[in-house]
Structure formats: C-alpha cells, structure tokens
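Here is data_32.cif, consisting of mmCIF, C-alpha atoms:
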data_entry
loop_
_atom_site.label_atom_id
_atom_site.label_comp_id
_atom_site.auth_asym_id
_atom_site.auth_seq_id
_atom_site.Cartn_x
_atom_site.Cartn_y
_atom_site.Cartn_z
CA MET Z 1220 -78.26 -48.01 117.31
CA ILE Z 1221 -74.61 -48.97 116.92
CA ASN Z 1222 -73.13 -52.36 117.59
CA PRO Z 1223 -70.92 -51.88 120.69
CA THR Z 1224 -68.33 -54.25 119.25
CA TYR Z 1225 -67.43 -51.53 116.76
CA LEU Z 1226 -66.68 -48.85 119.30
CA ASN Z 1227 -63.15 -50.05 120.02
CA THR Z 1228 -62.23 -51.19 116.52
CA ALA Z 1229 -60.75 -49.57 113.44
CA TYR Z 1230 -64.28 -48.97 112.22
CA CYS Z 1231 -64.77 -46.21 114.85
CA GLN Z 1232 -61.69 -44.07 114.76
CA TYR Z 1233 -62.81 -40.64 113.73
CA ASP Z 1234 -65.91 -38.51 114.27
CA ARG Z 1235 -66.72 -35.56 112.05
CA GLN Z 1236 -69.96 -33.86 111.05
CA ASP Z 1237 -70.30 -32.35 107.57
CA ASP Z 1238 -72.94 -31.23 105.11
CA MET Z 1239 -72.99 -34.61 103.37
CA GLU Z 1240 -74.24 -36.31 106.53
CA GLY Z 1241 -77.18 -33.95 106.86
CA MET Z 1242 -78.22 -34.51 103.28
CA LEU Z 1243 -78.07 -38.29 103.59
CA ARG Z 1244 -79.93 -38.22 106.90
CA ASP Z 1245 -82.81 -36.55 105.08
CA VAL Z 1246 -82.69 -38.92 102.11
CA PHE Z 1247 -82.68 -42.11 104.18
CA ASN Z 1248 -84.71 -40.85 107.16
CA MET Z 1249 -81.77 -41.33 109.54
CA HIS Z 1250 -81.61 -39.29 112.75
CA SER Z 1251 -78.59 -38.72 114.94
CA HIS Z 1252 -78.69 -39.88 118.57
CA GLY Z 1253 -75.25 -38.93 119.74
CA GLU Z 1254 -71.87 -38.61 118.10
CA GLN Z 1255 -71.39 -42.35 117.64
CA SER Z 1256 -74.21 -42.62 115.09
CA PHE Z 1257 -71.76 -42.25 112.22
CA PRO Z 1258 -68.66 -44.41 112.84
CA PRO Z 1259 -66.22 -43.82 109.94
CA ASP Z 1260 -63.02 -45.46 108.73
CA PHE Z 1261 -59.72 -43.99 107.63
CA ILE Z 1262 -58.96 -44.60 103.95
CA ALA Z 1263 -55.65 -44.31 102.12
CA SER Z 1264 -55.48 -41.70 99.40
CA ASP Z 1265 -55.30 -44.18 96.51
CA ASP Z 1266 -57.97 -46.65 97.74
CA CYS Z 1267 -55.57 -49.47 98.60
CA ASN Z 1268 -56.23 -49.92 102.33
CA ILE Z 1269 -58.94 -49.51 104.94
CA GLY Z 1270 -58.82 -49.16 108.73
CA GLY Z 1271 -55.53 -49.63 110.52
CA ASN Z 1272 -54.14 -48.14 113.72
CA LYS Z 1273 -55.71 -44.85 114.80
CA ASN Z 1274 -52.30 -43.28 115.29
CA GLN Z 1275 -50.89 -44.58 112.03
CA GLN Z 1276 -49.66 -41.62 109.95
CA SER Z 1277 -49.29 -43.34 106.57
CA CYS Z 1278 -50.79 -46.24 104.66
CA HIS Z 1279 -48.85 -49.47 105.25
CA VAL Z 1280 -49.58 -50.58 101.66
CA CYS Z 1281 -48.64 -47.57 99.52
CA GLY Z 1282 -46.77 -45.47 102.09
CA LYS Z 1283 -48.78 -42.31 101.37
CA SER Z 1284 -49.86 -40.01 104.19
CA ARG Z 1285 -53.37 -40.49 105.55
CA TRP Z 1286 -53.70 -36.77 106.15
CA MET Z 1287 -54.10 -33.73 103.98
CA ASN Z 1288 -51.18 -31.32 103.77
CA SER Z 1289 -52.90 -28.50 105.64
CA ASN Z 1290 -54.40 -28.85 109.10
CA THR Z 1291 -57.84 -27.51 109.92
CA GLU Z 1292 -58.83 -25.49 112.94
CA ASP Z 1293 -60.98 -27.29 115.52
CA VAL Z 1294 -63.18 -24.63 117.09
CA ASN Z 1295 -64.99 -27.15 119.31
CA ALA Z 1296 -62.04 -27.89 121.54
CA GLU Z 1297 -63.14 -28.25 125.15
CA GLU Z 1298 -60.13 -26.53 126.65
CA GLY Z 1299 -57.54 -24.12 125.45
CA GLY Z 1300 -59.64 -22.54 122.70
CA ALA Z 1301 -59.16 -23.34 119.03
CA GLN Z 1302 -56.70 -26.10 118.21
CA LEU Z 1303 -55.29 -27.54 115.01
CA ARG Z 1304 -56.44 -31.00 114.10
CA LYS Z 1305 -55.48 -33.23 111.19
CA LYS Z 1306 -57.91 -33.76 108.36
CA PRO Z 1307 -57.88 -37.22 106.74
CA VAL Z 1308 -57.61 -37.57 102.98
CA LYS Z 1309 -60.74 -39.68 102.77
CA VAL Z 1310 -63.27 -41.01 105.29
CA LEU Z 1311 -65.60 -43.94 104.76
CA ARG Z 1312 -68.96 -43.75 106.55
CA TYR Z 1313 -70.01 -47.26 107.50
CA PHE Z 1314 -73.22 -48.16 109.33
CA PRO Z 1315 -73.22 -51.63 110.97
CA LEU Z 1316 -75.84 -53.96 109.55
CA ILE Z 1317 -76.42 -56.43 112.39
CA PRO Z 1318 -78.08 -54.08 114.92
CA ARG Z 1319 -80.36 -52.70 112.21
CA LEU Z 1320 -81.56 -56.17 111.22
CA GLN Z 1321 -82.12 -56.98 114.89
CA ARG Z 1322 -84.29 -53.88 115.24
CA LEU Z 1323 -86.65 -55.17 112.52
CA PHE Z 1324 -87.88 -57.76 115.01
CA MET Z 1325 -88.24 -55.31 117.89
CA SER Z 1326 -91.57 -54.11 116.51
CA SER Z 1327 -94.50 -56.53 116.23
CA LYS Z 1328 -95.60 -54.88 112.99
CA THR Z 1329 -92.29 -55.19 111.14
CA ALA Z 1330 -91.64 -58.64 112.65
CA GLU Z 1331 -94.89 -59.83 111.11
CA SER Z 1332 -94.04 -58.21 107.76
CA MET Z 1333 -90.67 -60.00 107.70
CA ARG Z 1334 -92.60 -63.30 107.47
CA TRP Z 1335 -94.88 -62.16 104.62
CA HIS Z 1336 -92.99 -64.08 101.92
CA ASN Z 1337 -93.83 -67.31 103.75
CA ASP Z 1338 -97.14 -66.71 105.55
CA GLN Z 1339 -99.05 -64.72 102.94
CA TRP Z 1340 -97.33 -65.66 99.68
CA ILE Z 1341 -99.64 -67.09 96.98
CA ASP Z 1342 -98.20 -69.50 94.41
CA ASP Z 1343 -100.31 -68.53 91.39
CA GLY Z 1344 -97.55 -68.52 88.77
CA LEU Z 1345 -97.33 -64.71 88.64
CA LEU Z 1346 -94.12 -62.80 89.27
CA ARG Z 1347 -94.92 -60.01 91.74
CA HIS Z 1348 -92.23 -60.49 94.40
CA PRO Z 1349 -88.64 -61.85 94.46
CA SER Z 1350 -89.97 -64.95 96.25
CA ASP Z 1351 -91.67 -65.86 92.94
CA SER Z 1352 -88.33 -65.91 91.08
CA LEU Z 1353 -86.30 -68.93 90.05
CA ALA Z 1354 -83.23 -67.57 91.88
CA TRP Z 1355 -85.12 -67.50 95.20
CA LYS Z 1356 -86.44 -71.05 94.72
CA SER Z 1357 -83.07 -72.35 93.54
CA PHE Z 1358 -81.39 -70.92 96.65
CA ASP Z 1359 -83.99 -72.62 98.86
CA SER Z 1360 -83.34 -75.99 97.20
CA LYS Z 1361 -79.56 -75.70 97.59
CA PHE Z 1362 -79.68 -74.64 101.24
CA PRO Z 1363 -82.86 -76.15 102.75
CA SER Z 1364 -81.87 -75.17 106.29
CA PHE Z 1365 -82.09 -71.47 105.39
CA PRO Z 1366 -85.82 -71.31 104.48
CA SER Z 1367 -86.71 -73.54 107.44
CA ASP Z 1368 -87.09 -70.30 109.45
CA PRO Z 1369 -89.00 -67.66 107.40
CA ARG Z 1370 -87.47 -64.90 109.54
CA ASN Z 1371 -84.07 -65.42 107.87
CA VAL Z 1372 -83.34 -62.34 105.78
CA ARG Z 1373 -82.62 -62.16 102.06
CA LEU Z 1374 -80.95 -58.98 100.86
CA GLY Z 1375 -80.31 -57.16 97.62
CA LEU Z 1376 -77.35 -54.78 97.30
CA VAL Z 1377 -77.62 -51.52 95.36
CA ALA Z 1378 -74.57 -49.41 94.47
CA ASP Z 1379 -74.00 -46.53 92.09
CA GLY Z 1380 -72.31 -43.15 92.00
CA PHE Z 1381 -73.85 -39.69 91.92
CA ASN Z 1382 -72.79 -36.07 92.13
CA PRO Z 1383 -74.12 -34.65 95.42
CA PHE Z 1384 -73.46 -31.03 94.48
CA LYS Z 1385 -75.89 -30.80 91.52
CA ILE Z 1386 -73.11 -29.48 89.28
CA MET Z 1387 -72.99 -31.65 86.19
CA SER Z 1388 -69.65 -30.20 85.09
CA SER Z 1389 -68.01 -31.45 88.29
CA SER Z 1390 -66.38 -34.89 88.29
CA TYR Z 1391 -67.06 -35.49 91.99
CA SER Z 1392 -68.62 -38.93 92.58
CA THR Z 1393 -70.05 -40.25 95.86
CA TRP Z 1394 -71.11 -43.90 96.09
CA PRO Z 1395 -73.83 -44.96 98.55
CA VAL Z 1396 -74.29 -48.70 99.09
CA VAL Z 1397 -77.87 -49.59 100.02
CA LEU Z 1398 -79.35 -52.93 101.12
CA VAL Z 1399 -82.96 -53.95 100.45
CA PRO Z 1400 -84.63 -56.59 102.69
CA TYR Z 1401 -86.77 -58.72 100.37
CA ASN Z 1402 -88.63 -60.51 103.16
CA LEU Z 1403 -91.03 -57.59 103.27
CA PRO Z 1404 -94.15 -57.49 101.07
CA PRO Z 1405 -93.74 -55.79 97.67
CA TRP Z 1406 -95.60 -52.61 98.68
CA ILE Z 1407 -93.16 -52.11 101.59
CA CYS Z 1408 -89.74 -53.48 100.60
CA MET Z 1409 -89.17 -50.88 97.85
CA LYS Z 1410 -90.24 -47.92 99.96
CA GLN Z 1411 -87.54 -45.44 100.89
CA SER Z 1412 -88.12 -46.06 104.60
CA SER Z 1413 -87.29 -49.75 104.15
CA PHE Z 1414 -83.88 -49.18 102.56
CA ILE Z 1415 -80.81 -49.87 104.71
CA LEU Z 1416 -77.96 -47.48 104.02
CA SER Z 1417 -74.83 -49.57 104.53
CA MET Z 1418 -72.03 -47.15 103.70
CA ILE Z 1419 -71.12 -43.93 101.92
CA ILE Z 1420 -67.98 -44.11 99.79
CA PRO Z 1421 -66.69 -40.55 99.37
CA GLY Z 1422 -65.31 -39.00 96.17
CA GLU Z 1423 -64.02 -37.19 94.46
CA LYS Z 1424 -63.21 -40.06 92.08
CA SER Z 1425 -65.19 -43.24 91.62
CA PRO Z 1426 -63.73 -46.21 93.56
CA GLY Z 1427 -63.81 -48.33 90.41
CA ASN Z 1428 -62.51 -51.86 90.88
CA ASP Z 1429 -61.14 -50.81 94.27
CA ILE Z 1430 -64.68 -50.78 95.67
CA ASP Z 1431 -63.84 -54.14 97.30
CA ILE Z 1432 -61.62 -52.25 99.75
CA TYR Z 1433 -64.65 -50.35 101.01
CA LEU Z 1434 -66.94 -53.40 101.07
CA GLN Z 1435 -64.73 -55.26 103.57
CA PRO Z 1436 -66.67 -54.36 106.75
CA LEU Z 1437 -69.97 -55.26 105.07
CA ILE Z 1438 -68.63 -58.61 103.86
CA GLU Z 1439 -67.37 -59.42 107.35
CA GLU Z 1440 -70.84 -58.80 108.75
CA LEU Z 1441 -72.45 -60.89 106.00
CA LYS Z 1442 -70.17 -63.79 106.93
CA GLN Z 1443 -71.21 -63.47 110.54
CA LEU Z 1444 -74.87 -63.23 109.56
CA TRP Z 1445 -74.65 -66.40 107.46
CA SER Z 1446 -73.68 -68.29 110.63
CA GLY Z 1447 -76.34 -66.39 112.57
CA VAL Z 1448 -76.86 -63.82 115.31
CA GLU Z 1449 -79.39 -63.87 118.14
CA PRO Z 1450 -82.03 -61.10 118.10
CA TYR Z 1451 -85.25 -60.98 120.09
CA ASP Z 1452 -88.56 -61.50 118.27
CA VAL Z 1453 -91.10 -59.35 120.08
CA LEU Z 1454 -93.99 -60.94 118.16
CA ARG Z 1455 -93.21 -64.48 119.34
CA LYS Z 1456 -91.48 -63.33 122.52
CA GLU Z 1457 -88.36 -65.43 122.00
CA ASN Z 1458 -84.74 -65.22 120.96
CA PHE Z 1459 -83.86 -66.99 117.72
CA ASN Z 1460 -80.94 -67.56 115.35
CA LEU Z 1461 -81.20 -64.99 112.56
CA ARG Z 1462 -79.33 -65.75 109.34
CA THR Z 1463 -78.91 -63.54 106.29
CA ALA Z 1464 -77.98 -64.13 102.65
CA LEU Z 1465 -77.16 -61.65 99.88
CA LEU Z 1466 -79.01 -62.85 96.77
CA TRP Z 1467 -78.78 -60.00 94.26
CA THR Z 1468 -76.94 -56.88 93.26
CA ILE Z 1469 -78.77 -54.05 91.49
CA ASN Z 1470 -76.66 -51.73 89.36
CA ASP Z 1471 -76.05 -50.41 85.88
CA PHE Z 1472 -73.51 -51.99 83.53
CA PRO Z 1473 -70.48 -49.83 84.52
CA ALA Z 1474 -71.08 -50.53 88.22
CA TYR Z 1475 -71.56 -54.21 87.34
CA VAL Z 1476 -67.88 -54.31 86.32
CA ASN Z 1477 -66.77 -52.96 89.70
CA LEU Z 1478 -68.87 -55.38 91.75
CA SER Z 1479 -68.48 -58.60 89.77
CA GLY Z 1480 -65.06 -58.18 88.16
CA TRP Z 1481 -66.30 -59.19 84.70
CA SER Z 1482 -65.09 -56.92 81.88
CA THR Z 1483 -68.10 -55.44 80.08
CA LYS Z 1484 -66.06 -53.93 77.24
CA GLY Z 1485 -64.70 -55.36 74.04
CA HIS Z 1486 -65.66 -58.44 72.06
CA TYR Z 1487 -66.96 -60.45 75.01
CA ALA Z 1488 -68.88 -57.93 77.11
CA CYS Z 1489 -71.94 -60.07 77.84
CA PRO Z 1490 -71.58 -61.90 81.20
CA TYR Z 1491 -74.17 -64.48 80.20
CA CYS Z 1492 -72.67 -65.43 76.84
CA ALA Z 1493 -69.05 -64.90 77.98
CA ALA Z 1494 -66.70 -66.24 75.28
CA GLN Z 1495 -69.72 -67.11 73.13
CA THR Z 1496 -70.69 -63.45 72.79
CA CYS Z 1497 -71.39 -62.57 69.15
CA SER Z 1498 -69.92 -59.12 68.43
CA LYS Z 1499 -68.52 -57.05 65.61
CA PHE Z 1500 -66.31 -53.97 65.77
CA LEU Z 1501 -67.61 -51.03 63.72
CA TYR Z 1502 -64.46 -49.33 62.43
CA ASN Z 1503 -66.24 -46.16 61.26
CA GLY Z 1504 -68.20 -45.78 64.50
CA LYS Z 1505 -65.26 -46.94 66.68
CA LYS Z 1506 -67.46 -49.13 68.85
CA PHE Z 1507 -68.72 -52.70 69.18
CA SER Z 1508 -72.07 -53.96 67.96
CA TYR Z 1509 -73.46 -57.10 69.57
CA MET Z 1510 -75.31 -59.47 67.25
CA GLY Z 1511 -76.59 -63.03 67.36
CA HIS Z 1512 -79.92 -62.34 69.03
CA ARG Z 1513 -81.67 -64.84 66.74
CA ARG Z 1514 -79.95 -67.69 68.59
CA TRP Z 1515 -82.70 -67.54 71.25
CA LEU Z 1516 -85.53 -68.04 68.75
CA ASP Z 1517 -87.21 -71.37 68.08
CA GLY Z 1518 -85.34 -73.55 65.64
CA ASN Z 1519 -87.93 -73.09 62.88
CA HIS Z 1520 -88.62 -69.38 63.43
CA LYS Z 1521 -88.81 -67.43 60.17
CA PHE Z 1522 -86.40 -64.75 61.37
CA ARG Z 1523 -83.59 -67.33 61.48
CA PHE Z 1524 -83.68 -67.64 57.70
CA GLN Z 1525 -84.23 -64.02 56.68
CA ARG Z 1526 -80.84 -62.76 55.65
CA THR Z 1527 -81.66 -59.41 54.08
CA ILE Z 1528 -83.26 -57.79 57.12
CA PHE Z 1529 -80.46 -58.86 59.48
CA ASP Z 1530 -76.72 -59.32 58.87
CA GLY Z 1531 -76.85 -61.23 55.58
CA THR Z 1532 -76.58 -64.68 57.16
CA GLU Z 1533 -78.90 -67.44 58.27
CA GLU Z 1534 -78.78 -68.41 61.93
CA TYR Z 1535 -78.60 -72.10 62.87
CA ARG Z 1536 -76.90 -71.85 66.27
CA GLY Z 1537 -78.66 -72.43 69.54
CA ALA Z 1538 -78.60 -70.19 72.59
CA PRO Z 1539 -75.26 -70.28 74.49
CA GLU Z 1540 -75.09 -72.16 77.77
CA GLN Z 1541 -74.74 -70.03 80.87
CA ILE Z 1542 -71.58 -70.35 82.97
CA ILE Z 1543 -72.08 -72.41 86.12
CA GLU Z 1544 -70.61 -71.77 89.59
CA SER Z 1545 -67.78 -74.28 89.39
CA GLU Z 1546 -66.59 -72.85 86.06
CA ILE Z 1547 -66.50 -69.33 87.51
CA LEU Z 1548 -64.44 -70.47 90.47
CA PHE Z 1549 -62.04 -72.35 88.20
CA MET Z 1550 -61.49 -69.31 85.95
CA LEU Z 1551 -60.81 -67.05 88.92
CA LYS Z 1552 -58.54 -69.27 90.98
CA ASP Z 1553 -55.28 -67.92 89.52
CA ILE Z 1554 -56.24 -64.27 89.05
CA ASN Z 1555 -54.05 -61.73 90.84
CA PHE Z 1556 -55.24 -58.17 91.34
CA SER Z 1557 -53.54 -55.34 93.22
CA TYR Z 1558 -55.85 -52.76 94.81
CA GLY Z 1559 -55.05 -49.06 94.73
CA LYS Z 1560 -54.83 -46.46 92.01
CA MET Z 1561 -51.03 -46.52 92.07
CA ASN Z 1562 -51.00 -50.20 91.09
CA GLN Z 1563 -53.16 -49.80 87.98
CA PRO Z 1564 -51.77 -49.53 84.41
CA SER Z 1565 -51.47 -46.09 82.87
CA ASN Z 1566 -54.07 -44.73 80.47
CA LYS Z 1567 -51.71 -45.23 77.53
CA GLN Z 1568 -51.25 -48.90 78.36
CA THR Z 1569 -55.01 -49.35 78.77
CA LYS Z 1570 -55.80 -47.70 75.43
CA ARG Z 1571 -53.11 -49.74 73.68
CA ARG Z 1572 -54.49 -52.95 75.16
CA SER Z 1573 -58.02 -51.98 74.10
CA ARG Z 1574 -56.89 -51.44 70.51
CA ASP Z 1575 -55.17 -54.82 70.50
CA GLU Z 1576 -58.30 -56.50 71.86
CA SER Z 1577 -60.47 -54.88 69.20
CA ASP Z 1578 -58.38 -56.49 66.45
CA GLU Z 1579 -58.25 -59.87 68.13
CA GLU Z 1580 -60.69 -62.42 66.64
CA ASP Z 1581 -59.37 -65.65 68.13
CA ASP Z 1582 -61.15 -67.53 70.92
CA PRO Z 1583 -60.12 -65.91 74.21
CA ASN Z 1584 -58.97 -67.36 77.45
CA GLU Z 1585 -62.06 -66.79 79.63
CA ALA Z 1586 -59.88 -66.13 82.67
CA ASP Z 1587 -58.53 -63.05 80.83
CA LEU Z 1588 -62.03 -61.62 80.58
CA TRP Z 1589 -62.12 -60.95 84.33
CA LYS Z 1590 -60.65 -57.76 85.75
CA LYS Z 1591 -60.35 -59.02 89.32
CA ARG Z 1592 -61.42 -61.64 91.84
CA SER Z 1593 -64.45 -60.03 93.49
CA ILE Z 1594 -64.68 -59.76 97.25
CA PHE Z 1595 -68.02 -61.57 97.06
CA LEU Z 1596 -66.01 -64.75 96.51
CA SER Z 1597 -65.08 -64.59 100.17
CA CYS Z 1598 -68.72 -65.43 100.97
CA LEU Z 1599 -68.16 -69.10 100.19
CA ILE Z 1600 -70.70 -71.66 101.34
CA ARG Z 1601 -69.50 -75.27 101.61
CA SER Z 1602 -68.06 -76.34 98.25
CA THR Z 1603 -70.11 -73.87 96.21
CA THR Z 1604 -70.99 -70.20 96.41
CA PHE Z 1605 -73.97 -68.00 95.81
CA TYR Z 1606 -71.54 -65.56 94.18
CA ALA Z 1607 -72.58 -66.91 90.77
CA THR Z 1608 -76.16 -65.91 91.52
CA ILE Z 1609 -74.98 -62.43 92.52
CA LEU Z 1610 -72.76 -62.20 89.44
CA MET Z 1611 -75.50 -63.02 86.97
CA SER Z 1612 -78.16 -60.82 88.62
#
Re-express the file's structure as structure tokens.
Amino acid sequence: MINPTYLNTAYCQYDRQDDMEGMLRDVFNMHSHGEQSFPPDFIASDDCNIGGNKNQQSCHVCGKSRWMNSNTEDVNAEEGGAQLRKKPVKVLRYFPLIPRLQRLFMSSKTAESMRWHNDQWIDDGLLRHPSDSLAWKSFDSKFPSFPSDPRNVRLGLVADGFNPFKIMSSSYSTWPVVLVPYNLPPWICMKQSSFILSMIIPGEKSPGNDIDIYLQPLIEELKQLWSGVEPYDVLRKENFNLRTALLWTINDFPAYVNLSGWSTKGHYACPYCAAQTCSKFLYNGKKFSYMGHRRWLDGNHKFRFQRTIFDGTEEYRGAPEQIIESEILFMLKDINFSYGKMNQPSNKQTKRRSRDESDEEDDPNEADLWKKRSIFLSCLIRSTTFYATILMS
C-alpha cells in the first residue's frame, strides 16, 4: 500500500523494474501490486541533492546532469515501437512508512501484539526486551504523554552496506535502511517478516556522511508521526492518534560515523568518553590503541594498582562522565557541513590532517570531533531532543 500523498510529489517521479528489486522482494517478503509499489527518487551523481522537478535536467546544487551519457532503449513503449528513454545516474527506492504502520492495526492479531510491551510485560528485573532497558524507561519519564497510549510505536533503525553481487573483489555497495518495531514481543519483533524496509540507497559507492541526503523523506515522515496520524484499530474498532518515536540506531562503528556525525578515528574515537578518551598512537603499528579501561573498576580494585601487567602505571581516575543532550547541541550549533562528494576535501588533505591529528596531544575542541550535524537533529522535541539517545545507542 502506498500513501496517495506521494503519488504527485518528487518522491514518485520514475518507475523502473530491475534485478535488485526482485532480490529485495524475496529478502523482505515484499510483493508487487502494481507499478506504484516502488516509488523512487532522482538523485544527483555526487549525493548532494534529492528529489526536485521531474523535468529538471541537472542538479541545482552541483550543476551535474541527472542522466547518464547514453540513453537506453525502452522496449515497453505502448505506441510507436521501441523508443529511447533517459537513464538516471542514481535512483533511490523509498517506501513510505506511515501506511505500513497503519496496516499493523488492520489485523486483530498484530494489533494485539503491538500492545504486548504494556499488557503482557513482566517487571522482574530481567532484560529480555527493549521495554526493560533504561533508555525506554527514561524516554517514558521525559515524555509521559507518549506511553499513555501503548499503541504508540517505538522504532529502531538499522543501516549498513553490502555487496549484492556476491563478488568480494567488487567495490559496489548498496545500503538498505530497515526499521524494527519494538512494540512487538521479543519472539516476533526480530523476525524477518516484522522488519520494515524503509529505503534502498544504491551504489556503487557508499553514501558516507552524505547519507543524510537519502534519509530526508524518512525524517519528514518521522516528524509527522511524532505529531500523530489517524489509523483504524480493528481490535478496538476505533480510530486513534498514532504517534511514533525513533529510539535507537543499530550499526557497526563505520556506519555509526555516517549516522551520528561523530568521528570514530584518531585520539578521541570513543563517543562515550569523547575528549576524555584515553588513547596512545603505536608508531610501529601505525594505529591507535585505546587504554584506560581500569577507570571503570571499583576504587579499591587490585587491578588499579598492578602496574606490570598493564601499562606501567597505577590508575586513580574515575570513569568519565557521559555527554548530556544540551552539551551535544551546544557543540553542534556552529558546525557547517556541505553535502556532496564534490564538496569534500581531497584524499591528500585528509591524510595530511590525519597525520597532524596523530601527533597532537593537547586537549581538543570537542566541536572539532564531529564530522557533521546529523539530520537526526531535525527531530527536535520541545527544548531537548532524543537525538542524544540515538547517538549513544
């Protein structure tokens, strides 16, 4: 089912079937019901712009053409036989989230499962579901109106790249973005059939820090869902105001950089410790080693005073304090970042800057440890944001 509001927007400008779609239909149990089941977007060749006018021939940001040099033959033309049609440089496949969340309440079985975290949850001190976590409970205490209706949805976002062609020597990288509804019980929410495929970011190169360009339609829907939409609950036979919050991101450390904006390289790679990260550059191995793990031990633990089996020093420091939301917002308020591959520094400049950072031992400016201002910051709530919860997940 496709939200009809997308049919006349920039998010539904081009329709094309390819082998990638068939593979992903099988992976995520998605079936086509007409040509509008996959509404894509036009993307500029250097990842600096999304959408735009259907008839626009070039990107209004970088000026590059939105089309490949050679045209392809369209053998499915209704009249006049084969015709030449333009082939875009890159196409984003985006699947609207709102109608898919609404469909969860169109079945009495899934509508009942979406209330499991409230109706059948047992507070026994064990961690078996995200509703047992401190992040879930902290979110409930900050926004008490959200848990007042247990049907409100809490999501996790998963993103990573993979090579769809099973050729390890190829550098092609496709990035699916998947959402996980954590309202469901633990034996259902992590099943493949429960995953919500949000978008497919095509290769052949990884989007890197420009992934925010592709996340724009999803963020717009998340903003709308925070205010609420009106689905029909078939179990209770009523319409209600459905709200949604994104609580976590799930990714490896390289993808963490792209989603959060925090630099995970160099002296201060740890997002928890930030400028208090304890690291040492190994000149023979040409890499960083991260030390200081004894800071989390009890003050009188024997390991704190054993020098010979560690780094030759005794440890008297306590664990570093974690950055809070207001500090993150303050560090990011003056950061400027230009999207697009053409606006990034050359490899020589990056390597030179990395060498300079490896020799730098002074206390850093924490604002310089961020690569960009993440698009998740646009999901602001009142005077604070749950972006800090997403960042530290």
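Atom pair atom CA of Z:Leu1548 / atom CA of Z:Thr1496: separated by 20.0 Å.
For the pair atom CA of Z:Glu1449 and atom CA of Z:Glu1331, the interatomic distance is 17.5 Å.
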Residue by residue, what does the PyMOL selection byres ((chain Z and resi 1340-1351) around 12) grab here? Present the result as number ranges by chain. Z: 1332-1339, 1352-1359, 1366, 1369, 1372-1375, 1399-1409, 1466-1467
Rank Z:Val1310, Z:Asp1517, Z:Met1325, Z:Cys1497 by their smallest atom-to-atom distance to Z:Gly1422, using all atoms listed in the file, and report the top residue only. Z:Val1310
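Here atom CA of Z:Ala1494 and atom CA of Z:Pro1539 stand 9.5 Å from one another.
For Z:Ala1488, the list of residues within 10 Å, based on all atoms listed in the file and with local chain neighbours fewer than 6 positions off taken out, reads Phe1472, Val1476, Trp1481, Ser1482, Ala1494, Thr1496, Cys1497, Ser1498, Phe1507, Tyr1509 and Leu1588 of chain Z.
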For Z:Thr1463, which residue out of Z:Asp1368, Z:Asp1431, Z:Asp1553, Z:Glu1546 is the nearest one, using only C-alpha atoms? Z:Asp1368
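Comparing Z:Phe1595, Z:Phe1549, Z:Trp1394, Z:Tyr1558 by their smallest distance to Z:Ile1438, the closest is Z:Phe1595 (using only C-alpha atoms).
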Which one is closest to Z:Asn1555: Z:Lys1499, Z:Gly1480, Z:Ala1493, Z:Pro1421? Count only C-alpha atoms. Z:Gly1480
Any chance you could resolve the PyMOL selection byres ((chain Z and resi 1530) around 12) against this file and give the residues as a PyMOL selection string? chain Z and resi 1498-1499+1508-1513+1522-1529+1531-1534
What do you get, as an MDAnalysis selection string, if you spell out every residue that the PyMOL selection byres ((chain Z and resi 1591) around 9) selects here? chainID Z and resid 1428 1477 1479:1481 1551 1554:1557 1589:1590 1592:1593
Enclose stretch 1514-1531 of chain Z, meaning all of its atoms listed in the file, in a box aligned along x, y and z, pad it by 3 Å on each side, and list the centre and edge lengths in Å to one decimal, as lines of an AutoDock Vina configuration file.
center_x = -82.8
center_y = -65.7
center_z = 62.7
size_x = 18.1
size_y = 21.8
size_z = 23.2
Taking 3 positions as the minimum chain separation for residues in the same chain, which residues sit within 8 Å of stretch 1452-1462 of chain Z when counting only C-alpha atoms? Answer as a PyMOL selection string. chain Z and resi 1324-1327+1330-1331+1365+1370-1372+1444-1449
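Nearest-residue note for Z:Ile1317: choosing from Z:Ser1417, Z:Asn1470, Z:Ser1392, Z:Pro1426, the minimum distance belongs to Z:Ser1417, counting only C-alpha atoms.
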